[in-house]
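Visitor: Take a look at start_10.cif, mmCIF, C-alpha atoms:
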data_query
loop_
_atom_site.label_atom_id
_atom_site.label_comp_id
_atom_site.auth_asym_id
_atom_site.auth_seq_id
_atom_site.Cartn_x
_atom_site.Cartn_y
_atom_site.Cartn_z
CA ASP A 1 -0.87 7.18 -6.53
CA ASP A 2 1.16 10.23 -7.49
CA LEU A 3 3.15 8.18 -9.94
CA ALA A 4 0.02 6.80 -11.50
CA ASP A 5 -1.43 10.29 -11.74
CA GLU A 6 1.71 11.55 -13.39
CA MET A 7 1.59 8.79 -15.96
CA GLU A 8 -2.10 9.36 -16.57
CA ASP A 9 -1.47 13.08 -17.03
CA VAL A 10 0.54 12.58 -20.21
CA ASP A 11 -2.12 13.48 -22.72
CA PHE A 12 -0.98 14.26 -26.20
CA ASP A 13 -4.32 15.54 -27.47
CA ASP A 14 -3.85 18.59 -25.27
CA GLU A 15 -0.77 19.56 -27.18
CA GLY A 16 -2.56 19.24 -30.47
CA ALA A 17 -0.55 16.22 -31.56
CA GLU A 18 -1.81 14.21 -34.49
CA GLU A 19 -3.07 10.73 -33.76
CA PRO A 20 -0.09 8.95 -35.43
CA ASP A 21 2.32 10.93 -33.25
CA ALA A 22 0.63 9.72 -30.11
CA GLU A 23 0.85 6.17 -31.36
CA ALA A 24 4.47 6.48 -32.35
CA TRP A 25 5.28 7.86 -28.95
CA GLU A 26 3.58 4.96 -27.25
CA THR A 27 5.35 2.21 -29.15
CA GLU A 28 8.70 3.91 -28.90
CA ASP A 29 8.60 4.35 -25.16
CA ASP A 30 6.89 1.17 -24.08
CA GLU A 31 7.95 -1.28 -26.76
CA GLY A 32 10.11 -3.60 -24.71
CA VAL A 33 7.97 -3.39 -21.64
CA GLU A 34 4.57 -3.71 -23.26
CA ASP A 35 5.47 -6.53 -25.62
CA GLY A 36 7.14 -8.50 -22.87
CA MET A 37 4.26 -7.90 -20.50
CA GLU A 38 1.46 -8.76 -22.86
CA ALA A 39 3.14 -11.85 -24.24
CA GLN A 40 3.20 -13.45 -20.82
CA ASP A 41 0.12 -13.71 -18.62
CA ASP A 42 0.60 -15.94 -15.61
CA SER A 43 -2.69 -14.93 -13.98
CA GLU A 44 -5.64 -17.24 -13.32
CA VAL A 45 -8.36 -14.58 -13.23
CA THR A 46 -8.58 -11.07 -14.70
CA PHE A 47 -11.10 -8.55 -13.38
CA SER A 48 -11.80 -5.89 -16.02
CA LEU A 49 -14.75 -3.81 -14.82
CA HIS A 50 -12.62 -0.75 -13.99
CA SER A 51 -12.23 1.79 -16.78
CA ALA A 52 -9.10 3.53 -15.43
CA SER A 53 -6.09 2.78 -13.19
CA VAL A 54 -6.92 0.51 -10.25
CA PHE A 55 -5.29 2.02 -7.16
CA CYS A 56 -6.08 -0.29 -4.25
CA VAL A 57 -6.97 -3.86 -3.38
CA SER A 58 -7.84 -5.78 -0.24
CA LEU A 59 -8.75 -9.41 0.50
CA ASP A 60 -11.43 -10.27 3.01
CA PRO A 61 -9.49 -11.54 6.07
CA LYS A 62 -11.97 -14.16 7.24
CA THR A 63 -12.39 -16.34 4.17
CA ASN A 64 -9.94 -14.83 1.65
CA THR A 65 -12.59 -15.46 -1.02
CA LEU A 66 -13.63 -11.84 -1.67
CA VAL A 67 -11.72 -8.89 -3.06
CA VAL A 68 -12.43 -5.17 -3.03
CA THR A 69 -10.74 -2.92 -5.60
CA GLY A 70 -10.91 0.86 -6.04
CA GLY A 71 -9.84 2.97 -8.96
CA GLU A 72 -9.38 6.24 -10.77
CA ASP A 73 -12.78 5.73 -12.41
CA ASP A 74 -14.37 6.74 -9.04
CA LYS A 75 -15.57 3.16 -8.62
CA ALA A 76 -15.06 0.36 -6.12
CA PHE A 77 -16.15 -3.23 -6.64
CA VAL A 78 -16.45 -6.28 -4.39
CA TRP A 79 -15.84 -9.47 -6.37
CA ARG A 80 -15.00 -13.14 -5.99
CA VAL A 81 -11.37 -14.28 -6.11
CA SER A 82 -12.20 -17.65 -7.65
CA ASP A 83 -13.79 -16.43 -10.89
CA GLY A 84 -13.77 -12.61 -10.86
CA GLU A 85 -17.57 -12.56 -10.52
CA LEU A 86 -18.92 -9.17 -9.35
CA LEU A 87 -20.78 -9.27 -6.04
CA PHE A 88 -21.70 -5.60 -5.85
CA GLU A 89 -20.50 -2.12 -6.71
CA CYS A 90 -19.72 0.34 -3.91
CA SER A 91 -21.43 3.20 -5.71
CA GLY A 92 -21.64 6.91 -5.01
CA HIS A 93 -18.00 8.01 -5.08
CA LYS A 94 -17.21 11.14 -7.08
CA ASP A 95 -13.42 10.97 -6.95
CA SER A 96 -10.69 8.32 -7.35
CA VAL A 97 -11.15 5.51 -4.83
CA THR A 98 -7.71 5.22 -3.23
CA CYS A 99 -8.50 3.25 -0.07
CA ALA A 100 -10.56 0.08 0.35
CA GLY A 101 -10.59 -2.67 2.94
CA PHE A 102 -12.60 -5.25 4.88
CA SER A 103 -13.17 -5.21 8.63
CA HIS A 104 -11.30 -7.87 10.67
CA ASP A 105 -14.28 -10.28 10.52
CA SER A 106 -15.20 -9.49 6.88
CA VAL A 107 -18.64 -8.20 7.94
CA PHE A 108 -18.04 -4.69 6.54
CA VAL A 109 -16.11 -3.24 3.64
CA ALA A 110 -15.00 0.41 3.62
CA THR A 111 -14.16 2.48 0.55
CA GLY A 112 -12.62 5.95 0.59
CA ASP A 113 -12.00 8.42 -2.21
CA MET A 114 -9.43 11.20 -2.58
CA SER A 115 -11.93 13.95 -1.80
CA GLY A 116 -12.54 12.36 1.62
CA LEU A 117 -15.87 10.60 1.15
CA ILE A 118 -15.77 7.33 3.10
CA LYS A 119 -18.51 4.72 2.77
CA VAL A 120 -19.03 1.48 4.67
CA TRP A 121 -21.05 -1.43 3.26
CA ARG A 122 -22.41 -4.53 4.93
CA VAL A 123 -21.01 -7.33 2.78
CA ASP A 124 -23.75 -9.97 3.17
CA ALA A 125 -26.58 -7.47 2.57
CA LYS A 126 -24.58 -5.58 -0.11
CA GLU A 127 -25.88 -2.31 1.29
CA GLU A 128 -24.37 0.94 2.50
CA VAL A 129 -24.63 1.32 6.29
CA TRP A 130 -22.58 4.48 6.94
CA SER A 131 -20.84 7.32 5.19
CA PHE A 132 -18.86 10.37 6.26
CA GLU A 133 -16.98 13.16 4.56
CA VAL A 134 -13.59 14.32 5.81
CA GLY A 135 -10.88 16.45 4.17
CA ASP A 136 -8.67 15.03 1.41
CA LEU A 137 -8.04 11.41 2.36
CA GLU A 138 -4.46 10.14 2.70
CA TRP A 139 -4.96 6.64 4.18
CA MET A 140 -7.55 4.48 5.89
CA GLU A 141 -7.36 1.34 8.02
CA TRP A 142 -9.65 -0.97 9.98
CA HIS A 143 -8.98 -1.82 13.62
CA PRO A 144 -7.55 -5.38 13.96
CA GLN A 145 -10.19 -6.52 16.50
CA ALA A 146 -13.18 -4.17 16.33
CA HIS A 147 -15.59 -2.43 13.96
CA VAL A 148 -13.55 0.74 14.17
CA LEU A 149 -12.14 2.69 11.24
CA LEU A 150 -9.12 5.00 11.34
CA ALA A 151 -8.22 7.49 8.61
CA GLY A 152 -5.68 10.25 8.05
CA THR A 153 -6.36 13.44 6.11
CA ALA A 154 -4.42 16.22 4.39
CA ASP A 155 -5.18 18.72 7.18
CA GLY A 156 -3.09 16.66 9.61
CA ASN A 157 -5.98 15.09 11.48
CA SER A 158 -6.55 11.40 12.08
CA TRP A 159 -10.14 10.30 12.52
CA MET A 160 -11.57 7.29 14.33
CA TRP A 161 -15.15 6.06 14.00
CA LYS A 162 -17.17 3.26 15.50
CA ILE A 163 -19.08 1.52 12.71
CA PRO A 164 -21.98 1.66 12.07
CA SER A 165 -22.89 4.06 14.93
CA GLY A 166 -20.45 6.68 13.65
CA ASP A 167 -19.18 7.75 17.10
CA CYS A 168 -16.16 9.85 16.22
CA LYS A 169 -12.84 10.93 17.72
CA THR A 170 -10.13 13.08 16.13
CA PHE A 171 -6.41 13.18 16.78
CA GLN A 172 -4.93 16.52 15.86
CA GLY A 173 -1.53 16.33 14.24
CA PRO A 174 0.67 19.15 12.92
CA ALA A 175 -0.84 21.40 10.24
CA CYS A 176 0.37 19.19 7.39
CA PRO A 177 -0.91 15.94 5.86
CA ALA A 178 -1.04 12.75 7.93
CA THR A 179 0.65 10.75 5.18
CA CYS A 180 0.53 7.22 6.64
CA GLY A 181 -0.79 5.38 9.66
CA ARG A 182 -1.13 2.00 11.28
CA ILE A 183 -3.03 0.67 14.30
CA LEU A 184 -0.66 -1.32 16.50
CA PRO A 185 -1.46 -5.00 17.20
CA ASP A 186 -2.61 -4.27 20.78
CA GLY A 187 -5.49 -2.27 19.25
CA LYS A 188 -4.93 0.48 21.83
CA ARG A 189 -2.39 2.61 20.02
CA ALA A 190 -1.80 3.89 16.52
CA VAL A 191 1.31 5.24 14.84
CA VAL A 192 0.85 8.12 12.38
CA GLY A 193 3.48 9.68 10.11
CA TYR A 194 3.29 13.24 8.80
CA GLU A 195 4.54 15.29 5.87
CA ASP A 196 6.82 17.39 8.09
CA GLY A 197 8.88 14.28 8.97
CA THR A 198 7.37 13.79 12.43
CA MET A 199 5.83 10.59 13.78
CA ARG A 200 3.36 10.30 16.64
CA ILE A 201 2.16 7.32 18.65
CA TRP A 202 -1.42 7.93 19.77
CA ASP A 203 -3.40 6.44 22.64
CA LEU A 204 -6.67 5.64 20.87
CA LYS A 205 -8.79 5.55 24.02
CA GLN A 206 -7.51 8.75 25.63
CA GLY A 207 -7.00 10.57 22.34
CA THR A 208 -3.57 11.70 23.56
CA SER A 209 -0.17 11.59 21.96
CA LEU A 210 2.12 9.14 23.82
CA HIS A 211 5.33 9.86 21.91
CA VAL A 212 6.42 12.35 19.27
CA LEU A 213 9.48 11.87 17.10
CA LYS A 214 10.67 15.10 15.53
CA GLY A 215 13.80 17.10 14.79
CA GLN A 216 16.85 14.82 14.82
CA ASP A 217 14.78 11.83 15.95
CA GLY A 218 12.22 12.36 13.20
CA HIS A 219 12.73 12.29 9.44
CA GLN A 220 13.97 15.20 7.34
CA ASP A 221 11.30 14.62 4.67
CA PRO A 222 7.69 13.39 4.54
CA LEU A 223 6.96 9.91 5.89
CA THR A 224 5.75 7.47 3.25
CA CYS A 225 5.02 4.30 5.25
CA VAL A 226 4.93 2.82 8.75
CA ALA A 227 4.80 -0.78 9.96
CA SER A 228 4.98 -2.69 13.22
CA ASN A 229 6.23 -6.14 14.13
CA GLN A 230 3.86 -8.89 15.25
CA ASP A 231 3.72 -7.97 18.94
CA GLY A 232 3.82 -4.22 18.31
CA SER A 233 7.04 -3.68 20.28
CA LEU A 234 8.88 -2.28 17.27
CA ILE A 235 7.79 0.29 14.72
CA MET A 236 9.48 1.02 11.42
CA THR A 237 9.08 4.32 9.60
CA GLY A 238 10.10 5.07 6.00
CA SER A 239 10.53 8.44 4.36
CA VAL A 240 11.30 10.38 1.21
CA ASP A 241 14.71 11.03 2.87
CA CYS A 242 15.62 7.35 2.14
CA HIS A 243 16.04 6.62 5.84
CA THR A 244 14.24 3.87 7.72
CA LYS A 245 13.95 4.27 11.48
CA LEU A 246 13.42 1.46 13.94
CA VAL A 247 11.54 2.72 17.01
CA ASN A 248 10.74 1.12 20.36
CA SER A 249 6.98 1.66 20.63
CA ALA A 250 6.97 1.57 24.46
CA THR A 251 9.64 4.26 24.94
CA GLY A 252 9.30 6.13 21.66
CA LYS A 253 13.08 5.97 21.28
CA VAL A 254 14.87 5.37 17.96
CA VAL A 255 16.68 2.02 18.17
CA CYS A 256 18.57 2.39 14.91
CA VAL A 257 18.50 4.05 11.49
CA PHE A 258 18.97 2.22 8.20
CA LYS A 259 20.26 4.61 5.55
CA MET A 260 20.25 3.97 1.85
CA GLU A 261 22.52 6.45 0.14
CA ASN A 262 20.90 8.16 -2.80
CA THR A 263 23.51 7.53 -5.49
CA ALA A 264 21.49 9.21 -8.23
CA PRO A 265 22.93 12.46 -9.62
CA LYS A 266 21.23 15.65 -8.49
CA ALA A 267 18.37 16.53 -10.81
CA PRO A 268 18.08 20.06 -12.24
CA GLU A 269 16.09 22.59 -10.22
CA GLY A 270 12.37 21.80 -10.16
CA GLU A 271 12.78 18.25 -11.46
CA GLU A 272 12.49 15.01 -9.56
CA ALA A 273 13.73 12.67 -12.24
CA GLU A 274 16.23 10.65 -10.24
CA SER A 275 14.70 10.85 -6.78
CA ASN A 276 14.75 7.91 -4.42
CA SER A 277 12.58 7.23 -1.38
CA VAL A 278 11.35 4.46 0.87
CA GLU A 279 8.08 3.23 -0.67
CA SER A 280 7.16 0.23 1.49
CA LEU A 281 8.44 -1.75 4.44
CA GLY A 282 7.56 -4.65 6.73
CA PHE A 283 8.71 -7.08 9.39
CA CYS A 284 9.20 -10.82 8.96
CA ASN A 285 7.11 -12.85 11.44
CA VAL A 286 9.41 -15.86 11.73
CA MET A 287 12.92 -14.34 11.79
CA PRO A 288 14.36 -11.04 13.06
CA LEU A 289 14.35 -9.53 9.57
CA ALA A 290 12.86 -6.43 8.02
CA ALA A 291 12.40 -5.55 4.35
CA VAL A 292 12.49 -2.08 2.83
CA GLY A 293 11.55 -1.30 -0.77
CA TYR A 294 12.89 1.79 -2.52
CA LEU A 295 11.77 3.80 -5.53
CA ASP A 296 15.10 3.09 -7.26
CA GLY A 297 14.23 -0.63 -7.32
CA THR A 298 16.31 -1.76 -4.35
CA LEU A 299 14.83 -4.31 -1.96
CA ALA A 300 16.92 -4.21 1.21
CA ILE A 301 16.71 -7.02 3.76
CA TYR A 302 17.95 -5.87 7.17
CA ASP A 303 18.97 -8.11 10.06
CA LEU A 304 17.37 -6.66 13.19
CA SER A 305 19.54 -8.55 15.67
CA THR A 306 22.77 -7.11 14.22
CA GLN A 307 21.09 -3.97 12.82
CA SER A 308 22.88 -4.49 9.53
CA LEU A 309 22.09 -4.88 5.83
CA ARG A 310 21.81 -8.58 4.96
CA HIS A 311 20.85 -8.56 1.28
CA LYS A 312 20.22 -6.12 -1.54
CA CYS A 313 17.86 -7.46 -4.21
CA GLN A 314 17.83 -5.25 -7.28
CA HIS A 315 14.75 -4.63 -9.44
CA GLU A 316 14.81 -3.06 -12.88
CA SER A 317 12.29 -0.43 -11.79
CA GLY A 318 10.82 1.12 -8.65
CA ILE A 319 9.21 -1.00 -5.94
CA VAL A 320 5.64 0.06 -5.23
CA GLN A 321 4.87 -2.24 -2.34
CA LEU A 322 6.17 -5.26 -0.45
CA LEU A 323 4.50 -7.85 1.77
CA TRP A 324 5.89 -10.71 3.86
CA GLU A 325 4.37 -14.16 3.84
CA GLU A 326 2.68 -14.73 7.17
CA SER A 327 4.66 -17.77 8.26
CA SER A 328 7.91 -17.80 6.30
CA ALA A 329 10.89 -15.67 5.35
CA VAL A 330 9.52 -15.00 1.88
CA VAL A 331 8.90 -11.42 0.81
CA TYR A 332 6.77 -10.35 -2.16
CA THR A 333 7.38 -7.20 -4.18
CA CYS A 334 5.39 -5.51 -6.91
CA SER A 335 6.99 -2.91 -9.10
CA LEU A 336 6.55 -0.35 -11.84
CA ASP A 337 7.57 -2.91 -14.47
CA GLY A 338 4.30 -4.79 -13.88
CA ALA A 339 5.75 -7.91 -12.23
CA VAL A 340 5.24 -9.61 -8.86
CA ARG A 341 8.36 -11.25 -7.46
CA LEU A 342 8.93 -13.62 -4.55
CA TRP A 343 12.25 -13.42 -2.70
CA ASP A 344 13.85 -15.71 -0.14
CA ALA A 345 15.00 -13.26 2.51
CA ARG A 346 17.50 -15.75 3.93
CA SER A 347 19.49 -16.09 0.73
CA GLY A 348 18.47 -12.89 -1.03
CA LYS A 349 17.60 -14.95 -4.11
CA MET A 350 14.48 -14.52 -6.24
CA ILE A 351 12.18 -17.54 -6.00
CA SER A 352 9.77 -16.71 -8.81
CA GLU A 353 8.28 -13.95 -10.92
CA TYR A 354 4.73 -13.46 -12.21
CA ARG A 355 3.68 -11.25 -15.09
CA GLY A 356 0.45 -10.37 -16.81
CA HIS A 357 -0.06 -6.63 -16.51
CA SER A 358 0.72 -4.24 -19.36
CA ALA A 359 1.40 -1.33 -16.97
CA GLU A 360 2.78 -0.70 -13.48
CA ILE A 361 1.31 -2.60 -10.52
CA LEU A 362 -0.11 -0.09 -8.03
CA ASP A 363 -1.16 -2.35 -5.14
CA PHE A 364 -1.39 -6.03 -4.24
CA ALA A 365 -2.57 -8.41 -1.54
CA VAL A 366 -1.52 -11.92 -0.49
CA ASN A 367 -3.92 -14.44 1.05
CA LYS A 368 -3.29 -16.14 4.40
CA ASP A 369 -1.81 -19.40 3.16
CA ALA A 370 0.30 -17.57 0.58
CA SER A 371 -1.24 -19.39 -2.37
CA ILE A 372 -2.78 -16.40 -4.12
CA VAL A 373 -1.72 -12.85 -4.99
CA VAL A 374 -4.23 -10.25 -6.19
CA THR A 375 -2.77 -7.26 -8.05
CA THR A 376 -4.12 -3.96 -9.37
CA SER A 377 -2.55 -1.94 -12.14
CA GLY A 378 -2.45 1.16 -14.29
CA ASP A 379 -3.72 -1.04 -17.14
CA HIS A 380 -7.27 -0.78 -15.65
CA GLN A 381 -7.20 -4.43 -14.53
CA ALA A 382 -6.94 -6.50 -11.38
CA LYS A 383 -5.48 -9.99 -11.62
CA VAL A 384 -5.34 -13.11 -9.47
CA PHE A 385 -2.12 -15.15 -9.55
CA CYS A 386 -1.65 -18.65 -8.13
CA VAL A 387 1.73 -18.68 -6.39
CA GLN A 388 1.57 -21.89 -4.37
CA ARG A 389 4.57 -24.16 -4.83
CA PRO A 390 4.89 -27.72 -3.54
CA ASP A 391 8.41 -27.15 -2.20
CA ARG A 392 7.48 -24.17 -0.03
#
Could you express the structure from this file as structure tokens?
Guide:
Amino acid sequence: DDLADEMEDVDFDDEGAEEPDAEAWETEDDEGVEDGMEAQDDSEVTFSLHSASVFCVSLDPKTNTLVVTGGEDDKAFVWRVSDGELLFECSGHKDSVTCAGFSHDSVFVATGDMSGLIKVWRVDAKEEVWSFEVGDLEWMEWHPQAHVLLAGTADGNSWMWKIPSGDCKTFQGPACPATCGRILPDGKRAVVGYEDGTMRIWDLKQGTSLHVLKGQDGHQDPLTCVASNQDGSLIMTGSVDCHTKLVNSATGKVVCVFKMENTAPKAPEGEEAESNSVESLGFCNVMPLAAVGYLDGTLAIYDLSTQSLRHKCQHESGIVQLLWEESSAVVYTCSLDGAVRLWDARSGKMISEYRGHSAEILDFAVNKDASIVVTTSGDHQAKVFCVQRPDR
């Protein structure tokens, strides 16, 4: 989101530039990228109702036939995967919609904007059933088995609501943003990462903190992402410090640390030109592998049984997000160069690449049988790609 904001912030009118200058700047900077991107469109469906960057996307888990997207235009839409047909608009947001997702049974869809206004809609009736305003919203997630919504805010709190009754519980973190969070597969605990480098595992029923990782055990910089394996026994945390920690969720102990050395030269004071950080991570369901995506474009595949680096897959530009296929050792990445790539984690080789966006991809989702990828981008569009291959 920050990256998208930064790119959106470049506005030449402010500096009194003439129109031709702005144009010249655009072609100069983006020539190779834009031409290459626009020439090739591998997508089946393009959804174009957003009028600014599209920040988030989610597929309905039950049927995988509906999509919700949210964007910088303060709008969220629910639409059909098959033809891009709009079902309804989730109206009433007054800030960028950065979080959107369906409940586990696809009955509800929740949309959240940066200012902290969260709304829940009943999908079949296309009507709003609940809304609530919190502080600045950092992340939001549905419970894997219940109509319960969890969200983290910039004041360090995590909130949990029953939907649609609105019964509420808060989990008080340190006085800094709760930057990422994930409900564990058992549905009884959640892991939350914070800007001060700490990580907490919460008991959702009791509202108590079961484990806290801080100091040497925690990260030195803000956490950017957390994930858990299929049975919830292992948690992975990623941070701006380029470290990934593997944590035993039962004991709260760090099992191992994967470090990616930041080889970039130190940037001048006050600049973050060459920074690197962990942007996304996830566990493979069928092999003891984990994938970590970095801002410098490195996709690292780690072997959990030997706790060692297995493959490094290099991208031309930063990785925004990665997702594993549900039942194979294939990992998907989307990056700032506007492409979706599929990698075989066993060999470290790229399987295929899909293009169609004329700007960076900001979020994406993969359906259950790994036949479709839905992407959202800074080019104001969402796209549906068919990725099914007979030999996989």
Visitor: Using CA of Asp105 in chain A and CA of Gly181 in chain A as the two end points, give the distance in Å to one decimal.
Guide: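 Straight-line distance from CA of Asp105 in chain A to CA of Gly181 in chain A works out to 20.7 Å.
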Visitor: With range 342-364 of chain A as the partner and 6 Å as the cut-off, tabulate the residues of range 307-338 of chain A that qualify, each row holding the nearest pair of atoms and their distance in Å to one decimal, using all atoms listed in the file, sorted by chain and rising number, as a tab-separated table.
Guide:
residue	atom	partner	partner_atom	distance
A:His311	CA	A:Gly348	CA	5.5
A:Ala329	CA	A:Ala345	CA	5.5
A:Val330	CA	A:Asp344	CA	4.8
A:Val331	CA	A:Trp343	CA	5.2
A:Tyr332	CA	A:Leu342	CA	4.6
A:Ser335	CA	A:Ile361	CA	5.9
A:Leu336	CA	A:Glu360	CA	4.1
A:Asp337	CA	A:Glu360	CA	5.4
A:Gly338	CA	A:Glu360	CA	4.4
Visitor: For a test of reading the model, state the distance in Å between CA of Lys169 in chain A and CA of Lys253 in chain A, rounded to one decimal.
Guide: 26.6 Å
Visitor: To one decimal place in Å, what is the distance between CA of Asp83 in chain A and CA of Val373 in chain A?
Guide: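 Taking CA of Asp83 in chain A and CA of Val373 in chain A, their separation equals 13.9 Å.
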Visitor: Which polymer residues have any atom within 12 Å of an atom of Lys126 in chain A, counting only C-alpha atoms, with same-chain residues fewer than 6 positions away left out, as JSON, numbers by chain?
Guide: {"A": [77, 78, 79, 86, 87, 88, 89, 90, 91, 107, 108, 109, 110, 120]}
Visitor: With 4 Å on each side, where is the centre of the axis-aligned box around all listed atoms of range 337-346 of chain A, and how long are its edges in Å to one decimal, as JSON?
Guide:
{"center_x": 10.9, "center_y": -9.3, "center_z": -5.3, "size_x": 21.2, "size_y": 20.8, "size_z": 26.4}
Visitor: Compile the contact shell of range 193-200 of chain A as a ChimeraX atom specification: residues with an atom at most 7 Å away, counting only C-alpha atoms, same-chain residues fewer than 3 positions apart removed.
Guide: /A:176-181,209,211-214,218-223
Visitor: Skipping near chain neighbours, those fewer than 6 positions away, what residues fall within 10 Å of range 300-308 of chain A using all atoms listed in the file, listed as a PDB file with C-alpha atoms, keeping the file's coordinate frame?
Guide:
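File part12.pdb, as written:
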ATOM      1  CA  LEU A 246      13.420   1.460  13.940  1.00  0.00           C
ATOM      2  CA  VAL A 255      16.680   2.020  18.170  1.00  0.00           C
ATOM      3  CA  CYS A 256      18.570   2.390  14.910  1.00  0.00           C
ATOM      4  CA  VAL A 257      18.500   4.050  11.490  1.00  0.00           C
ATOM      5  CA  PHE A 258      18.970   2.220   8.200  1.00  0.00           C
ATOM      6  CA  MET A 260      20.250   3.970   1.850  1.00  0.00           C
ATOM      7  CA  LEU A 281       8.440  -1.750   4.440  1.00  0.00           C
ATOM      8  CA  GLY A 282       7.560  -4.650   6.730  1.00  0.00           C
ATOM      9  CA  PHE A 283       8.710  -7.080   9.390  1.00  0.00           C
ATOM     10  CA  CYS A 284       9.200 -10.820   8.960  1.00  0.00           C
ATOM     11  CA  MET A 287      12.920 -14.340  11.790  1.00  0.00           C
ATOM     12  CA  PRO A 288      14.360 -11.040  13.060  1.00  0.00           C
ATOM     13  CA  LEU A 289      14.350  -9.530   9.570  1.00  0.00           C
ATOM     14  CA  ALA A 290      12.860  -6.430   8.020  1.00  0.00           C
ATOM     15  CA  ALA A 291      12.400  -5.550   4.350  1.00  0.00           C
ATOM     16  CA  VAL A 292      12.490  -2.080   2.830  1.00  0.00           C
ATOM     17  CA  GLY A 293      11.550  -1.300  -0.770  1.00  0.00           C
ATOM     18  CA  TYR A 294      12.890   1.790  -2.520  1.00  0.00           C
ATOM     19  CA  GLN A 314      17.830  -5.250  -7.280  1.00  0.00           C
ATOM     20  CA  VAL A 331       8.900 -11.420   0.810  1.00  0.00           C
ATOM     21  CA  ASP A 344      13.850 -15.710  -0.140  1.00  0.00           C
ATOM     22  CA  ALA A 345      15.000 -13.260   2.510  1.00  0.00           C
ATOM     23  CA  ARG A 346      17.500 -15.750   3.930  1.00  0.00           C
ATOM     24  CA  SER A 347      19.490 -16.090   0.730  1.00  0.00           C
ATOM     25  CA  GLY A 348      18.470 -12.890  -1.030  1.00  0.00           C
TER      26      GLY A 348
END
Visitor: Return as a ChimeraX atom specification the set of residues that the PyMOL selection byres ((chain A and resi 249) around 9) yields on the displayed structure.
Guide: /A:191,201,211,228,232-235,247-248,250-253
Visitor: With a distance cut-off of 8 Å and only C-alpha atoms, select the neighbouring residues of Glu141 in chain A, excluding the residue or stretch itself and same-chain residues fewer than 4 positions from it, and output the selection as a list of chain:residue names.
Guide: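 Here the answer would be A:Gly101, A:Leu149, A:Leu150, A:Ala151, A:Gly181, A:Arg182, A:Ile183.
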Visitor: List the residues matched by the PyMOL selection byres ((chain A and resi 168) around 12) in the displayed structure as a list in words, ordered by chain and then by residue number.
Guide: Phe132, Val134, Val148, Leu149, Leu150, Ala151, Ser158, Trp159, Met160, Trp161, Lys162, Ile163, Pro164, Ser165, Gly166, Asp167, Lys169, Thr170, Phe171, Leu204, Lys205 and Gly207 of chain A
Visitor: Quick one: of A:Gly297, A:Pro61, A:Gly152, A:Pro144, who's nearest to Cys99 in chain A, counting all atoms listed in the file?
Guide: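 Nearest to Cys99 in chain A: A:Gly152.
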Visitor: Between A:Ala100, A:Val387, A:Val81, A:Ala365, single out the one closest to Thr69 in chain A, counting all atoms listed in the file.
Guide: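 Ranking A:Ala100, A:Val387, A:Val81, A:Ala365 by distance to Thr69 in chain A, first place goes to A:Ala100.
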Visitor: A:Asn276, A:Ser96, A:Gln230, A:Asn367: which is nearest Lys62 in chain A, counting all atoms listed in the file?
Guide: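 With all atoms listed in the file as the atom set, the closest residue is A:Asn367.
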